[in-house]
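S.K.: Got a structure for you, run_10.cif, holding mmCIF, N, CA, C and O atoms.
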data_coords
loop_
_atom_site.group_PDB
_atom_site.id
_atom_site.type_symbol
_atom_site.label_atom_id
_atom_site.label_comp_id
_atom_site.auth_asym_id
_atom_site.auth_seq_id
_atom_site.Cartn_x
_atom_site.Cartn_y
_atom_site.Cartn_z
ATOM 1 N N MET A 113 -21.071 5.895 11.641
ATOM 2 C CA MET A 113 -20.608 4.532 11.769
ATOM 3 C C MET A 113 -20.080 4.054 10.416
ATOM 4 O O MET A 113 -20.624 4.390 9.370
ATOM 5 N N LEU A 114 -19.039 3.278 10.466
ATOM 6 C CA LEU A 114 -18.415 2.748 9.264
ATOM 7 C C LEU A 114 -19.309 1.692 8.615
ATOM 8 O O LEU A 114 -19.766 0.756 9.286
ATOM 9 N N ASP A 115 -19.570 1.848 7.335
ATOM 10 C CA ASP A 115 -20.318 0.859 6.564
ATOM 11 C C ASP A 115 -19.361 -0.280 6.220
ATOM 12 O O ASP A 115 -18.428 -0.094 5.440
ATOM 13 N N LEU A 116 -19.562 -1.437 6.816
ATOM 14 C CA LEU A 116 -18.626 -2.550 6.650
ATOM 15 C C LEU A 116 -18.554 -3.059 5.223
ATOM 16 O O LEU A 116 -17.482 -3.453 4.764
ATOM 17 N N GLN A 117 -19.653 -3.053 4.498
ATOM 18 C CA GLN A 117 -19.606 -3.513 3.105
ATOM 19 C C GLN A 117 -18.766 -2.556 2.263
ATOM 20 O O GLN A 117 -17.980 -2.979 1.424
ATOM 21 N N SER A 118 -18.930 -1.273 2.499
ATOM 22 C CA SER A 118 -18.132 -0.276 1.788
ATOM 23 C C SER A 118 -16.654 -0.430 2.127
ATOM 24 O O SER A 118 -15.782 -0.342 1.240
ATOM 25 N N ALA A 119 -16.359 -0.675 3.401
ATOM 26 C CA ALA A 119 -14.966 -0.881 3.816
ATOM 27 C C ALA A 119 -14.387 -2.128 3.162
ATOM 28 O O ALA A 119 -13.236 -2.114 2.686
ATOM 29 N N LEU A 120 -15.162 -3.202 3.091
ATOM 30 C CA LEU A 120 -14.708 -4.426 2.442
ATOM 31 C C LEU A 120 -14.469 -4.190 0.954
ATOM 32 O O LEU A 120 -13.446 -4.615 0.399
ATOM 33 N N ASP A 121 -15.386 -3.510 0.288
ATOM 34 C CA ASP A 121 -15.233 -3.207 -1.134
ATOM 35 C C ASP A 121 -13.972 -2.376 -1.384
ATOM 36 O O ASP A 121 -13.237 -2.613 -2.350
ATOM 37 N N THR A 122 -13.708 -1.424 -0.506
ATOM 38 C CA THR A 122 -12.514 -0.588 -0.630
ATOM 39 C C THR A 122 -11.263 -1.430 -0.423
ATOM 40 O O THR A 122 -10.279 -1.285 -1.162
ATOM 41 N N ALA A 123 -11.277 -2.311 0.570
ATOM 42 C CA ALA A 123 -10.124 -3.176 0.826
ATOM 43 C C ALA A 123 -9.847 -4.092 -0.364
ATOM 44 O O ALA A 123 -8.686 -4.287 -0.750
ATOM 45 N N ILE A 124 -10.887 -4.634 -0.956
ATOM 46 C CA ILE A 124 -10.719 -5.501 -2.127
ATOM 47 C C ILE A 124 -10.147 -4.705 -3.299
ATOM 48 O O ILE A 124 -9.225 -5.165 -3.978
ATOM 49 N N SER A 125 -10.646 -3.505 -3.517
ATOM 50 C CA SER A 125 -10.122 -2.645 -4.590
ATOM 51 C C SER A 125 -8.649 -2.315 -4.356
ATOM 52 O O SER A 125 -7.845 -2.318 -5.288
ATOM 53 N N ALA A 126 -8.300 -2.027 -3.106
ATOM 54 C CA ALA A 126 -6.910 -1.708 -2.768
ATOM 55 C C ALA A 126 -6.006 -2.910 -3.017
ATOM 56 O O ALA A 126 -4.905 -2.768 -3.572
ATOM 57 N N ALA A 127 -6.457 -4.086 -2.612
ATOM 58 C CA ALA A 127 -5.668 -5.302 -2.823
ATOM 59 C C ALA A 127 -5.487 -5.597 -4.312
ATOM 60 O O ALA A 127 -4.396 -5.983 -4.752
ATOM 61 N N LYS A 128 -6.538 -5.397 -5.092
ATOM 62 C CA LYS A 128 -6.431 -5.625 -6.537
ATOM 63 C C LYS A 128 -5.470 -4.636 -7.188
ATOM 64 O O LYS A 128 -4.681 -5.009 -8.060
ATOM 65 N N ALA A 129 -5.516 -3.376 -6.761
ATOM 66 C CA ALA A 129 -4.605 -2.365 -7.313
ATOM 67 C C ALA A 129 -3.157 -2.726 -6.998
ATOM 68 O O ALA A 129 -2.275 -2.654 -7.866
ATOM 69 N N ALA A 130 -2.910 -3.121 -5.756
ATOM 70 C CA ALA A 130 -1.553 -3.520 -5.368
ATOM 71 C C ALA A 130 -1.125 -4.780 -6.113
ATOM 72 O O ALA A 130 0.025 -4.883 -6.563
ATOM 73 N N GLY A 131 -2.033 -5.712 -6.250
ATOM 74 C CA GLY A 131 -1.722 -6.956 -6.960
ATOM 75 C C GLY A 131 -1.331 -6.720 -8.406
ATOM 76 O O GLY A 131 -0.400 -7.360 -8.928
ATOM 77 N N LYS A 132 -2.011 -5.803 -9.070
ATOM 78 C CA LYS A 132 -1.666 -5.482 -10.464
ATOM 79 C C LYS A 132 -0.236 -4.954 -10.556
ATOM 80 O O LYS A 132 0.499 -5.292 -11.477
ATOM 81 N N ILE A 133 0.146 -4.134 -9.595
ATOM 82 C CA ILE A 133 1.506 -3.587 -9.590
ATOM 83 C C ILE A 133 2.521 -4.700 -9.365
ATOM 84 O O ILE A 133 3.525 -4.797 -10.084
ATOM 85 N N ILE A 134 2.263 -5.551 -8.395
ATOM 86 C CA ILE A 134 3.194 -6.628 -8.092
ATOM 87 C C ILE A 134 3.332 -7.575 -9.283
ATOM 88 O O ILE A 134 4.445 -7.956 -9.657
ATOM 89 N N VAL A 135 2.218 -7.931 -9.907
ATOM 90 C CA VAL A 135 2.267 -8.811 -11.079
ATOM 91 C C VAL A 135 3.030 -8.143 -12.225
ATOM 92 O O VAL A 135 3.825 -8.788 -12.921
ATOM 93 N N SER A 136 2.836 -6.838 -12.405
ATOM 94 C CA SER A 136 3.514 -6.142 -13.499
ATOM 95 C C SER A 136 5.028 -6.101 -13.300
ATOM 96 O O SER A 136 5.783 -5.982 -14.267
ATOM 97 N N LYS A 137 5.481 -6.205 -12.061
ATOM 98 C CA LYS A 137 6.917 -6.182 -11.761
ATOM 99 C C LYS A 137 7.546 -7.569 -11.765
ATOM 100 O O LYS A 137 8.761 -7.700 -11.735
ATOM 101 N N HIS A 138 6.720 -8.613 -11.810
ATOM 102 C CA HIS A 138 7.231 -9.982 -11.800
ATOM 103 C C HIS A 138 8.133 -10.220 -13.009
ATOM 104 O O HIS A 138 7.774 -9.898 -14.136
ATOM 105 N N GLY A 139 9.298 -10.752 -12.740
ATOM 106 C CA GLY A 139 10.224 -11.078 -13.817
ATOM 107 C C GLY A 139 11.072 -9.902 -14.288
ATOM 108 O O GLY A 139 11.875 -10.061 -15.191
ATOM 109 N N THR A 140 10.882 -8.731 -13.681
ATOM 110 C CA THR A 140 11.687 -7.573 -14.061
ATOM 111 C C THR A 140 12.803 -7.383 -13.038
ATOM 112 O O THR A 140 12.773 -7.943 -11.949
ATOM 113 N N THR A 141 13.775 -6.607 -13.389
ATOM 114 C CA THR A 141 14.836 -6.266 -12.451
ATOM 115 C C THR A 141 14.318 -5.165 -11.534
ATOM 116 O O THR A 141 13.908 -4.110 -12.003
ATOM 117 N N LEU A 142 14.329 -5.446 -10.246
ATOM 118 C CA LEU A 142 13.808 -4.497 -9.270
ATOM 119 C C LEU A 142 14.948 -3.817 -8.526
ATOM 120 O O LEU A 142 15.977 -4.422 -8.250
ATOM 121 N N ASP A 143 14.721 -2.568 -8.188
ATOM 122 C CA ASP A 143 15.612 -1.852 -7.295
ATOM 123 C C ASP A 143 15.326 -2.373 -5.889
ATOM 124 O O ASP A 143 14.197 -2.286 -5.416
ATOM 125 N N VAL A 144 16.338 -2.960 -5.253
ATOM 126 C CA VAL A 144 16.162 -3.531 -3.909
ATOM 127 C C VAL A 144 17.049 -2.768 -2.938
ATOM 128 O O VAL A 144 18.235 -2.583 -3.183
ATOM 129 N N GLN A 145 16.438 -2.337 -1.838
ATOM 130 C CA GLN A 145 17.164 -1.639 -0.777
ATOM 131 C C GLN A 145 16.991 -2.431 0.515
ATOM 132 O O GLN A 145 16.069 -3.230 0.641
ATOM 133 N N THR A 146 17.868 -2.193 1.458
ATOM 134 C CA THR A 146 17.699 -2.791 2.776
ATOM 135 C C THR A 146 17.172 -1.721 3.727
ATOM 136 O O THR A 146 17.423 -0.533 3.533
ATOM 137 N N LYS A 147 16.437 -2.188 4.725
ATOM 138 C CA LYS A 147 15.897 -1.261 5.725
ATOM 139 C C LYS A 147 16.706 -1.418 7.010
ATOM 140 O O LYS A 147 17.799 -0.884 7.106
ATOM 141 N N SER A 148 16.215 -2.158 7.971
ATOM 142 C CA SER A 148 16.871 -2.235 9.276
ATOM 143 C C SER A 148 18.005 -3.249 9.334
ATOM 144 O O SER A 148 18.828 -3.190 10.235
ATOM 145 N N SER A 149 18.040 -4.193 8.385
ATOM 146 C CA SER A 149 19.094 -5.215 8.377
ATOM 147 C C SER A 149 19.241 -5.746 6.952
ATOM 148 O O SER A 149 18.374 -5.498 6.101
ATOM 149 N N PRO A 150 20.297 -6.499 6.680
ATOM 150 C CA PRO A 150 20.463 -7.068 5.334
ATOM 151 C C PRO A 150 19.346 -8.026 4.933
ATOM 152 O O PRO A 150 19.180 -8.345 3.763
ATOM 153 N N HIS A 151 18.570 -8.477 5.909
ATOM 154 C CA HIS A 151 17.465 -9.404 5.627
ATOM 155 C C HIS A 151 16.116 -8.700 5.537
ATOM 156 O O HIS A 151 15.103 -9.336 5.251
ATOM 157 N N ASP A 152 16.089 -7.414 5.786
ATOM 158 C CA ASP A 152 14.865 -6.614 5.755
ATOM 159 C C ASP A 152 14.882 -5.801 4.460
ATOM 160 O O ASP A 152 15.432 -4.715 4.408
ATOM 161 N N LEU A 153 14.285 -6.369 3.419
ATOM 162 C CA LEU A 153 14.388 -5.795 2.077
ATOM 163 C C LEU A 153 13.171 -4.956 1.707
ATOM 164 O O LEU A 153 12.056 -5.207 2.158
ATOM 165 N N LEU A 154 13.413 -3.998 0.863
ATOM 166 C CA LEU A 154 12.372 -3.145 0.308
ATOM 167 C C LEU A 154 12.597 -3.067 -1.199
ATOM 168 O O LEU A 154 13.654 -2.640 -1.650
ATOM 169 N N THR A 155 11.610 -3.517 -1.952
ATOM 170 C CA THR A 155 11.717 -3.423 -3.406
ATOM 171 C C THR A 155 10.855 -2.274 -3.917
ATOM 172 O O THR A 155 9.960 -1.790 -3.217
ATOM 173 N N GLU A 156 11.124 -1.893 -5.138
ATOM 174 C CA GLU A 156 10.321 -0.865 -5.802
ATOM 175 C C GLU A 156 8.843 -1.280 -5.806
ATOM 176 O O GLU A 156 7.959 -0.461 -5.571
ATOM 177 N N ALA A 157 8.587 -2.562 -6.048
ATOM 178 C CA ALA A 157 7.213 -3.061 -6.087
ATOM 179 C C ALA A 157 6.524 -2.890 -4.730
ATOM 180 O O ALA A 157 5.340 -2.563 -4.663
ATOM 181 N N ASP A 158 7.269 -3.112 -3.635
ATOM 182 C CA ASP A 158 6.706 -2.933 -2.293
ATOM 183 C C ASP A 158 6.192 -1.517 -2.098
ATOM 184 O O ASP A 158 5.064 -1.306 -1.644
ATOM 185 N N GLY A 159 7.042 -0.552 -2.415
ATOM 186 C CA GLY A 159 6.670 0.854 -2.234
ATOM 187 C C GLY A 159 5.504 1.266 -3.116
ATOM 188 O O GLY A 159 4.583 1.951 -2.661
ATOM 189 N N LEU A 160 5.533 0.830 -4.365
ATOM 190 C CA LEU A 160 4.449 1.185 -5.289
ATOM 191 C C LEU A 160 3.127 0.541 -4.880
ATOM 192 O O LEU A 160 2.066 1.166 -4.960
ATOM 193 N N ALA A 161 3.195 -0.707 -4.416
ATOM 194 C CA ALA A 161 1.979 -1.399 -3.972
ATOM 195 C C ALA A 161 1.396 -0.702 -2.742
ATOM 196 O O ALA A 161 0.184 -0.500 -2.653
ATOM 197 N N GLN A 162 2.256 -0.318 -1.812
ATOM 198 C CA GLN A 162 1.776 0.388 -0.623
ATOM 199 C C GLN A 162 1.120 1.705 -1.008
ATOM 200 O O GLN A 162 0.052 2.049 -0.486
ATOM 201 N N GLU A 163 1.725 2.447 -1.909
ATOM 202 C CA GLU A 163 1.134 3.711 -2.354
ATOM 203 C C GLU A 163 -0.234 3.487 -2.980
ATOM 204 O O GLU A 163 -1.167 4.260 -2.741
ATOM 205 N N ALA A 164 -0.363 2.437 -3.783
ATOM 206 C CA ALA A 164 -1.650 2.143 -4.419
ATOM 207 C C ALA A 164 -2.716 1.818 -3.383
ATOM 208 O O ALA A 164 -3.871 2.255 -3.501
ATOM 209 N N ILE A 165 -2.340 1.066 -2.354
ATOM 210 C CA ILE A 165 -3.286 0.720 -1.291
ATOM 211 C C ILE A 165 -3.743 1.982 -0.567
ATOM 212 O O ILE A 165 -4.945 2.213 -0.382
ATOM 213 N N ILE A 166 -2.798 2.808 -0.182
ATOM 214 C CA ILE A 166 -3.144 4.035 0.544
ATOM 215 C C ILE A 166 -3.976 4.969 -0.330
ATOM 216 O O ILE A 166 -4.971 5.532 0.135
ATOM 217 N N ASP A 167 -3.608 5.123 -1.588
ATOM 218 C CA ASP A 167 -4.372 5.994 -2.493
ATOM 219 C C ASP A 167 -5.808 5.512 -2.648
ATOM 220 O O ASP A 167 -6.743 6.313 -2.645
ATOM 221 N N THR A 168 -5.984 4.204 -2.777
ATOM 222 C CA THR A 168 -7.328 3.642 -2.943
ATOM 223 C C THR A 168 -8.172 3.880 -1.696
ATOM 224 O O THR A 168 -9.329 4.293 -1.783
ATOM 225 N N ILE A 169 -7.594 3.634 -0.537
ATOM 226 C CA ILE A 169 -8.328 3.852 0.715
ATOM 227 C C ILE A 169 -8.627 5.335 0.906
ATOM 228 O O ILE A 169 -9.723 5.717 1.298
ATOM 229 N N ARG A 170 -7.655 6.172 0.615
ATOM 230 C CA ARG A 170 -7.820 7.611 0.822
ATOM 231 C C ARG A 170 -8.950 8.184 -0.054
ATOM 232 O O ARG A 170 -9.632 9.126 0.359
ATOM 233 N N LYS A 171 -9.169 7.638 -1.241
ATOM 234 C CA LYS A 171 -10.261 8.127 -2.093
ATOM 235 C C LYS A 171 -11.610 7.925 -1.413
ATOM 236 O O LYS A 171 -12.497 8.773 -1.526
ATOM 237 N N GLN A 172 -11.766 6.815 -0.708
ATOM 238 C CA GLN A 172 -13.030 6.513 -0.039
ATOM 239 C C GLN A 172 -13.099 7.129 1.363
ATOM 240 O O GLN A 172 -14.166 7.520 1.823
ATOM 241 N N TYR A 173 -11.949 7.202 2.010
ATOM 242 C CA TYR A 173 -11.886 7.673 3.401
ATOM 243 C C TYR A 173 -10.779 8.725 3.529
ATOM 244 O O TYR A 173 -9.691 8.441 4.051
ATOM 245 N N PRO A 174 -11.012 9.934 3.043
ATOM 246 C CA PRO A 174 -9.949 10.950 2.980
ATOM 247 C C PRO A 174 -9.397 11.388 4.331
ATOM 248 O O PRO A 174 -8.276 11.905 4.394
ATOM 249 N N ASP A 175 -10.117 11.162 5.406
ATOM 250 C CA ASP A 175 -9.647 11.585 6.722
ATOM 251 C C ASP A 175 -8.889 10.492 7.474
ATOM 252 O O ASP A 175 -8.396 10.732 8.572
ATOM 253 N N HIS A 176 -8.809 9.312 6.900
ATOM 254 C CA HIS A 176 -8.101 8.218 7.570
ATOM 255 C C HIS A 176 -6.599 8.485 7.580
ATOM 256 O O HIS A 176 -6.058 9.094 6.669
ATOM 257 N N ARG A 177 -5.947 8.003 8.617
ATOM 258 C CA ARG A 177 -4.495 8.056 8.747
ATOM 259 C C ARG A 177 -3.980 6.617 8.626
ATOM 260 O O ARG A 177 -4.765 5.674 8.750
ATOM 261 N N PHE A 178 -2.686 6.465 8.422
ATOM 262 C CA PHE A 178 -2.148 5.145 8.125
ATOM 263 C C PHE A 178 -0.908 4.834 8.948
ATOM 264 O O PHE A 178 -0.110 5.710 9.226
ATOM 265 N N ILE A 179 -0.780 3.574 9.296
ATOM 266 C CA ILE A 179 0.471 3.014 9.783
ATOM 267 C C ILE A 179 0.833 1.960 8.747
ATOM 268 O O ILE A 179 0.110 0.974 8.579
ATOM 269 N N ALA A 180 1.915 2.209 8.029
ATOM 270 C CA ALA A 180 2.270 1.353 6.909
ATOM 271 C C ALA A 180 3.649 0.727 7.114
ATOM 272 O O ALA A 180 4.527 1.321 7.739
ATOM 273 N N GLU A 181 3.818 -0.453 6.586
ATOM 274 C CA GLU A 181 5.064 -1.201 6.781
ATOM 275 C C GLU A 181 6.274 -0.457 6.257
ATOM 276 O O GLU A 181 7.318 -0.390 6.906
ATOM 277 N N GLU A 182 6.167 0.105 5.068
ATOM 278 C CA GLU A 182 7.342 0.704 4.430
ATOM 279 C C GLU A 182 7.603 2.146 4.836
ATOM 280 O O GLU A 182 8.723 2.606 4.779
ATOM 281 N N SER A 183 6.573 2.861 5.277
ATOM 282 C CA SER A 183 6.782 4.281 5.596
ATOM 283 C C SER A 183 6.347 4.680 6.985
ATOM 284 O O SER A 183 6.415 5.850 7.329
ATOM 285 N N GLY A 184 5.894 3.744 7.802
ATOM 286 C CA GLY A 184 5.629 4.034 9.198
ATOM 287 C C GLY A 184 4.292 4.678 9.483
ATOM 288 O O GLY A 184 3.366 4.650 8.684
ATOM 289 N N ALA A 185 4.214 5.299 10.662
ATOM 290 C CA ALA A 185 2.974 5.911 11.132
ATOM 291 C C ALA A 185 2.606 7.128 10.291
ATOM 292 O O ALA A 185 3.463 7.892 9.859
ATOM 293 N N ASP A 186 1.298 7.268 10.087
ATOM 294 C CA ASP A 186 0.762 8.375 9.299
ATOM 295 C C ASP A 186 1.415 8.462 7.936
ATOM 296 O O ASP A 186 1.722 9.531 7.418
ATOM 297 N N ALA A 187 1.626 7.315 7.334
ATOM 298 C CA ALA A 187 2.232 7.230 6.014
ATOM 299 C C ALA A 187 1.446 8.071 5.028
ATOM 300 O O ALA A 187 0.226 7.975 4.939
ATOM 301 N N LEU A 188 2.120 8.907 4.329
ATOM 302 C CA LEU A 188 1.518 9.741 3.294
ATOM 303 C C LEU A 188 0.335 10.504 3.859
ATOM 304 O O LEU A 188 -0.699 10.642 3.217
ATOM 305 N N GLY A 189 0.473 11.008 5.058
ATOM 306 C CA GLY A 189 -0.638 11.647 5.751
ATOM 307 C C GLY A 189 -0.954 13.052 5.325
ATOM 308 O O GLY A 189 -1.935 13.614 5.734
ATOM 309 N N ASP A 190 -0.147 13.657 4.518
ATOM 310 C CA ASP A 190 -0.408 15.050 4.138
ATOM 311 C C ASP A 190 -1.294 15.153 2.934
ATOM 312 O O ASP A 190 -1.362 14.384 2.086
#
Spit out the file's structure as structure tokens when you get a sec.
M.R.:
Amino acid sequence: MLDLQSALDTAISAAKAAGKIIVSKHGTTLDVQTKSSPHDLLTEADGLAQEAIIDTIRKQYPDHRFIAEESGADALGD
């Protein structure tokens, strides 16, 4: 059974890791790409933050799979 406190601690760590990346990119020139439409943007910070979240979760839960906004189902699943 999943330990909810451990899951919460992992989620908080993941959010903090992503937040540090986003804050570090604030005020810098970002590489911006479009996804499905001109209004659906993807920045370098988005991708890096998502990677940090997945990496943090994967350290605690190595068998988990992901559905992520920027990379879809089973993001970084290998």
S.K.: So which bits of range 122-166 of chain A end up helix (DSSP H, G or I) when you DSSP the backbone, as a ChimeraX atom specification?
M.R.: /A:122-137,156-166
S.K.: Near range 119-132 of chain A, counting all atoms listed in the file, which residues have an atom at most 6 Å away, once you skip same-chain residues fewer than 5 positions from it, shown as a PyMOL selection string?
M.R.: chain A and resi 137+160-161+164-165+168-169
S.K.: Selection in question (the file shown): the PyMOL selection byres ((chain A and resi 155) around 5). Which residues does it include, as a list of chain:residue names?
M.R.: A:Asp143, A:Val144, A:Gln145, A:Leu153, A:Leu154, A:Glu156, A:Ala157, A:Asp158, A:Gly159
S.K.: With N, CA, C and O atoms retained, export the selected residues as a PDB file, in the coordinates of the input.
M.R.:
ATOM      1  N   ASP A 143      14.721  -2.568  -8.188  1.00  0.00           N
ATOM      2  CA  ASP A 143      15.612  -1.852  -7.295  1.00  0.00           C
ATOM      3  C   ASP A 143      15.326  -2.373  -5.889  1.00  0.00           C
ATOM      4  O   ASP A 143      14.197  -2.286  -5.416  1.00  0.00           O
ATOM      5  N   VAL A 144      16.338  -2.960  -5.253  1.00  0.00           N
ATOM      6  CA  VAL A 144      16.162  -3.531  -3.909  1.00  0.00           C
ATOM      7  C   VAL A 144      17.049  -2.768  -2.938  1.00  0.00           C
ATOM      8  O   VAL A 144      18.235  -2.583  -3.183  1.00  0.00           O
ATOM      9  N   GLN A 145      16.438  -2.337  -1.838  1.00  0.00           N
ATOM     10  CA  GLN A 145      17.164  -1.639  -0.777  1.00  0.00           C
ATOM     11  C   GLN A 145      16.991  -2.431   0.515  1.00  0.00           C
ATOM     12  O   GLN A 145      16.069  -3.230   0.641  1.00  0.00           O
ATOM     13  N   LEU A 153      14.285  -6.369   3.419  1.00  0.00           N
ATOM     14  CA  LEU A 153      14.388  -5.795   2.077  1.00  0.00           C
ATOM     15  C   LEU A 153      13.171  -4.956   1.707  1.00  0.00           C
ATOM     16  O   LEU A 153      12.056  -5.207   2.158  1.00  0.00           O
ATOM     17  N   LEU A 154      13.413  -3.998   0.863  1.00  0.00           N
ATOM     18  CA  LEU A 154      12.372  -3.145   0.308  1.00  0.00           C
ATOM     19  C   LEU A 154      12.597  -3.067  -1.199  1.00  0.00           C
ATOM     20  O   LEU A 154      13.654  -2.640  -1.650  1.00  0.00           O
ATOM     21  N   GLU A 156      11.124  -1.893  -5.138  1.00  0.00           N
ATOM     22  CA  GLU A 156      10.321  -0.865  -5.802  1.00  0.00           C
ATOM     23  C   GLU A 156       8.843  -1.280  -5.806  1.00  0.00           C
ATOM     24  O   GLU A 156       7.959  -0.461  -5.571  1.00  0.00           O
ATOM     25  N   ALA A 157       8.587  -2.562  -6.048  1.00  0.00           N
ATOM     26  CA  ALA A 157       7.213  -3.061  -6.087  1.00  0.00           C
ATOM     27  C   ALA A 157       6.524  -2.890  -4.730  1.00  0.00           C
ATOM     28  O   ALA A 157       5.340  -2.563  -4.663  1.00  0.00           O
ATOM     29  N   ASP A 158       7.269  -3.112  -3.635  1.00  0.00           N
ATOM     30  CA  ASP A 158       6.706  -2.933  -2.293  1.00  0.00           C
ATOM     31  C   ASP A 158       6.192  -1.517  -2.098  1.00  0.00           C
ATOM     32  O   ASP A 158       5.064  -1.306  -1.644  1.00  0.00           O
ATOM     33  N   GLY A 159       7.042  -0.552  -2.415  1.00  0.00           N
ATOM     34  CA  GLY A 159       6.670   0.854  -2.234  1.00  0.00           C
ATOM     35  C   GLY A 159       5.504   1.266  -3.116  1.00  0.00           C
ATOM     36  O   GLY A 159       4.583   1.951  -2.661  1.00  0.00           O
TER      37      GLY A 159
END
S.K.: Taking the DSSP secondary structure from the backbone, can you list the residues of chain A that are strand (DSSP E), as a PyMOL selection string?
M.R.: chain A and resi 144-146+153-155+179-180+184-185
